[in-house]
Amino acid sequence: MPTIQSSECVTALLIGLHYARRRFRIGNFFNDILDAVAELPNFQPFSIAPHELFFKVGKIKVTLTQNAFVVNSALTIGKELLARLPRKDEKYIALPAGLYDDKFEVHKQIELSNESPKAFRRSFINESVEIIRLVDKIVQGGLYPFRFIGMVEYYAVPLAAVRWEILERFTKEADIFGGVNTEKIATNRYYFPADEGEHEKCLIFKLVKPDDHKQDEPQVGGASFDFQLIPEKPKVIAGFGGPKEMVMSLAMGISKIIDQSNVMNFKPRKQ
Amino acid sequence: MMFSSVGEDLVSQEQAGDRTATGDAMSFASAATGHLDVEPRQGSAAWRKAVSTVMAATSLGAATTPALAVEPTHFIHVEEDTGEAGLSLARALSEIADRYETVLFSYPARVLEIERNLSGDPVSVTVLVSVDGNDTVVRRSIRQFNFDIKPDMRLIVDGVQRGGIKQLAFRVAQPLQLDQEQEDLLESIVSAFKTGTDV
């Protein structure tokens, strides 16, 4: 079986748009938003309150609060990744706990996607663009200016199939004789100053270690990349060039940084 | 509020004490200082202060963090996806968005005056709208503006129809690509309205 590429290991995506200050008035539009999406396939409301609207439509979940507008994908495992993840039996697969935010409901069942990770990413981006465009139209005068916008990618790394260099280096560097480093999550934050005519950027990289001191078999590691664009002054959607341009700038920015970082470099594991 | 694309969830976790020793600097600082609304910009003095607060707090909190706090892996029940739900969602959302609001016209505008109450809070805004060369003044409640209004701010006024209701909607204009002559003309119109003289 050939070595899996990191792009095949994406399991979830999230986009977050954060207002410059609390906007209590957003609640006035919750009913209109619900009316607009209620008849779409797979619609399911989770929370309708003055301070929060949280619903699922199709495969995305949408959360609107006074602080932020968040769209997240379903937890999705592509076929390539599924073939390499540890399984308890046919019906259960292992994923790195502590990697996913609670919007992903890891305690519930997940769906296996027939889509390739590339198609999964493309549909999530398209769906996010359209839901942002719709909400922007429903909110009178458009959505409020954002202090920053961000996109998060969540990766599950099948350590039985690949050697993950950064995890190995981290484990080695943190080694103390006679002791096992049992810390499960390491977080690094990176700041990128604004280039000419561009926004400041920020990346939060989280590495989730498996509990390999308890079991000999390699398990599953996790990585999340939270990439943010921070304009000098709060910007409305039009300031980013529209919903599509805004989301694409996040999607392209995060891909570029991950590619350049070499953090997701895998090597084949010797059998 | 924390500095994460995910939103508030981690803030609530941190407020509940569920944080790691190596964890989230900004959110830890926010939770520690209680200033959940304030987000210091990275690199600023406030940011450096927040980080030093975190480091102090972390050194105090680390001793109470259990060594094996996090479950390593999580076994999840999986089911084959039928693939039906997500197929046409983007298209359906796009059709709804197109249908939801019809923009009948758009005109450039400029903020003339911001009326304030005794406390100094903005109450209403007077806007100069330029309709095909004819200028008109409209006054609207501050509630109609979703952004911070400033004097002389350039806006776009859209005439929109939602359902059967027609109304004006305001948005921030991107910088106009005006040549010097157009720029001077706009300036003179605005100043004429301010002083009450003819152009």
# chains A, B, ... in the order shown; residues from 1 in each chain; ligands from 1
$ interface_residues --of "chain A" --to "chain B" --cutoff "6 Å" --atoms "only C-alpha atoms" --output "PyMOL selection string"
chain A and resi 16+41+58-59+91-97+109-113+126-127+130+134+141+144+150+210-211
$ atom_distance --atom1 "CA of Phe55 in chain A" --atom2 "CA of Lys235 in chain A"
25.8 Å
$ closest_residue --among "A:Lys172, A:Arg147, A:Arg23, A:His18" --to "Lys233 in chain A" --atoms "only C-alpha atoms"
A:Arg147
$ select_by_dssp --residues "range 96-138 of chain A" --states "alpha helix (DSSP H)" --output "PyMOL selection string"
chain A and resi 117-138
$ write_last_selection --atoms "N, CA and C atoms" --output "JSON list (two decimals), in the first residue's frame"
[["chain", "number", "residue", "atom", "x", "y", "z"],
["A", 117, "PRO", "N", -10.81, 13.71, -0.36],
["A", 117, "PRO", "CA", -10.58, 14.86, 0.52],
["A", 117, "PRO", "C", -10.57, 16.19, -0.25],
["A", 118, "LYS", "N", -10.10, 16.14, -1.50],
["A", 118, "LYS", "CA", -10.08, 17.35, -2.30],
["A", 118, "LYS", "C", -11.51, 17.83, -2.59],
["A", 119, "ALA", "N", -12.37, 16.88, -2.93],
["A", 119, "ALA", "CA", -13.76, 17.25, -3.22],
["A", 119, "ALA", "C", -14.47, 17.68, -1.93],
["A", 120, "PHE", "N", -14.14, 17.02, -0.83],
["A", 120, "PHE", "CA", -14.73, 17.38, 0.47],
["A", 120, "PHE", "C", -14.38, 18.83, 0.82],
["A", 121, "ARG", "N", -13.12, 19.18, 0.59],
["A", 121, "ARG", "CA", -12.66, 20.54, 0.88],
["A", 121, "ARG", "C", -13.37, 21.54, -0.04],
["A", 122, "ARG", "N", -13.48, 21.16, -1.32],
["A", 122, "ARG", "CA", -14.10, 22.07, -2.28],
["A", 122, "ARG", "C", -15.56, 22.29, -1.94],
["A", 123, "SER", "N", -16.29, 21.19, -1.61],
["A", 123, "SER", "CA", -17.72, 21.41, -1.30],
["A", 123, "SER", "C", -17.88, 22.22, -0.03],
["A", 124, "PHE", "N", -17.02, 21.98, 0.98],
["A", 124, "PHE", "CA", -17.16, 22.76, 2.21],
["A", 124, "PHE", "C", -16.93, 24.25, 1.93],
["A", 125, "ILE", "N", -15.94, 24.53, 1.10],
["A", 125, "ILE", "CA", -15.66, 25.94, 0.79],
["A", 125, "ILE", "C", -16.84, 26.56, 0.04],
["A", 126, "ASN", "N", -17.38, 25.85, -0.95],
["A", 126, "ASN", "CA", -18.52, 26.38, -1.71],
["A", 126, "ASN", "C", -19.72, 26.61, -0.80],
["A", 127, "GLU", "N", -20.00, 25.62, 0.05],
["A", 127, "GLU", "CA", -21.15, 25.75, 0.95],
["A", 127, "GLU", "C", -20.96, 26.89, 1.94],
["A", 128, "SER", "N", -19.73, 27.05, 2.42],
["A", 128, "SER", "CA", -19.45, 28.14, 3.36],
["A", 128, "SER", "C", -19.65, 29.49, 2.68],
["A", 129, "VAL", "N", -19.14, 29.60, 1.46],
["A", 129, "VAL", "CA", -19.29, 30.86, 0.72],
["A", 129, "VAL", "C", -20.76, 31.24, 0.60],
["A", 130, "GLU", "N", -21.58, 30.23, 0.24],
["A", 130, "GLU", "CA", -22.99, 30.53, -0.01],
["A", 130, "GLU", "C", -23.75, 30.83, 1.27],
["A", 131, "ILE", "N", -23.44, 30.14, 2.36],
["A", 131, "ILE", "CA", -24.16, 30.44, 3.61],
["A", 131, "ILE", "C", -23.73, 31.81, 4.14],
["A", 132, "ILE", "N", -22.47, 32.16, 3.94],
["A", 132, "ILE", "CA", -22.01, 33.49, 4.38],
["A", 132, "ILE", "C", -22.70, 34.56, 3.53],
["A", 133, "ARG", "N", -22.80, 34.31, 2.22],
["A", 133, "ARG", "CA", -23.45, 35.27, 1.33],
["A", 133, "ARG", "C", -24.91, 35.45, 1.72],
["A", 134, "LEU", "N", -25.57, 34.32, 2.05],
["A", 134, "LEU", "CA", -26.99, 34.39, 2.42],
["A", 134, "LEU", "C", -27.19, 35.19, 3.71],
["A", 135, "VAL", "N", -26.40, 34.86, 4.73],
["A", 135, "VAL", "CA", -26.55, 35.55, 6.01],
["A", 135, "VAL", "C", -26.20, 37.03, 5.85],
["A", 136, "ASP", "N", -25.21, 37.32, 5.03],
["A", 136, "ASP", "CA", -24.82, 38.71, 4.79],
["A", 136, "ASP", "C", -25.98, 39.49, 4.16],
["A", 137, "LYS", "N", -26.77, 38.80, 3.34],
["A", 137, "LYS", "CA", -27.91, 39.48, 2.72],
["A", 137, "LYS", "C", -29.06, 39.65, 3.71],
["A", 138, "ILE", "N", -29.24, 38.65, 4.56],
["A", 138, "ILE", "CA", -30.38, 38.70, 5.49],
["A", 138, "ILE", "C", -30.15, 39.75, 6.57]]
$ residues_around --residues "range 245-255 of chain A" --least-positions-apart "4" --cutoff "6 Å" --atoms "only C-alpha atoms" --output "VMD selection string"
chain A and resid 227 240 to 241
$ write_last_selection --atoms "N, CA, C and O atoms" --output "JSON list (two decimals), in the first residue's frame"
[["chain", "number", "residue", "atom", "x", "y", "z"],
["A", 227, "PHE", "N", -5.63, 29.00, 10.98],
["A", 227, "PHE", "CA", -5.00, 30.09, 10.24],
["A", 227, "PHE", "C", -5.90, 31.32, 10.27],
["A", 227, "PHE", "O", -7.10, 31.21, 10.00],
["A", 240, "PHE", "N", -13.08, 42.51, 2.10],
["A", 240, "PHE", "CA", -12.24, 41.36, 1.74],
["A", 240, "PHE", "C", -12.42, 40.99, 0.27],
["A", 240, "PHE", "O", -11.84, 40.03, -0.21],
["A", 241, "GLY", "N", -13.33, 41.71, -0.42],
["A", 241, "GLY", "CA", -13.57, 41.43, -1.83],
["A", 241, "GLY", "C", -14.80, 40.59, -2.09],
["A", 241, "GLY", "O", -15.03, 40.13, -3.20]]
$ residues_around --residues "Tyr190 in chain A" --least-positions-apart "2" --cutoff "10 Å" --atoms "only C-alpha atoms" --output "list in words"
Asn188, Phe192, Pro193, Lys201, Cys202, Leu203, Ile204, Phe205 and Phe227 of chain A
$ atom_distance --atom1 "CA of Cys9 in chain A" --atom2 "CA of Ser116 in chain A"
10.5 Å
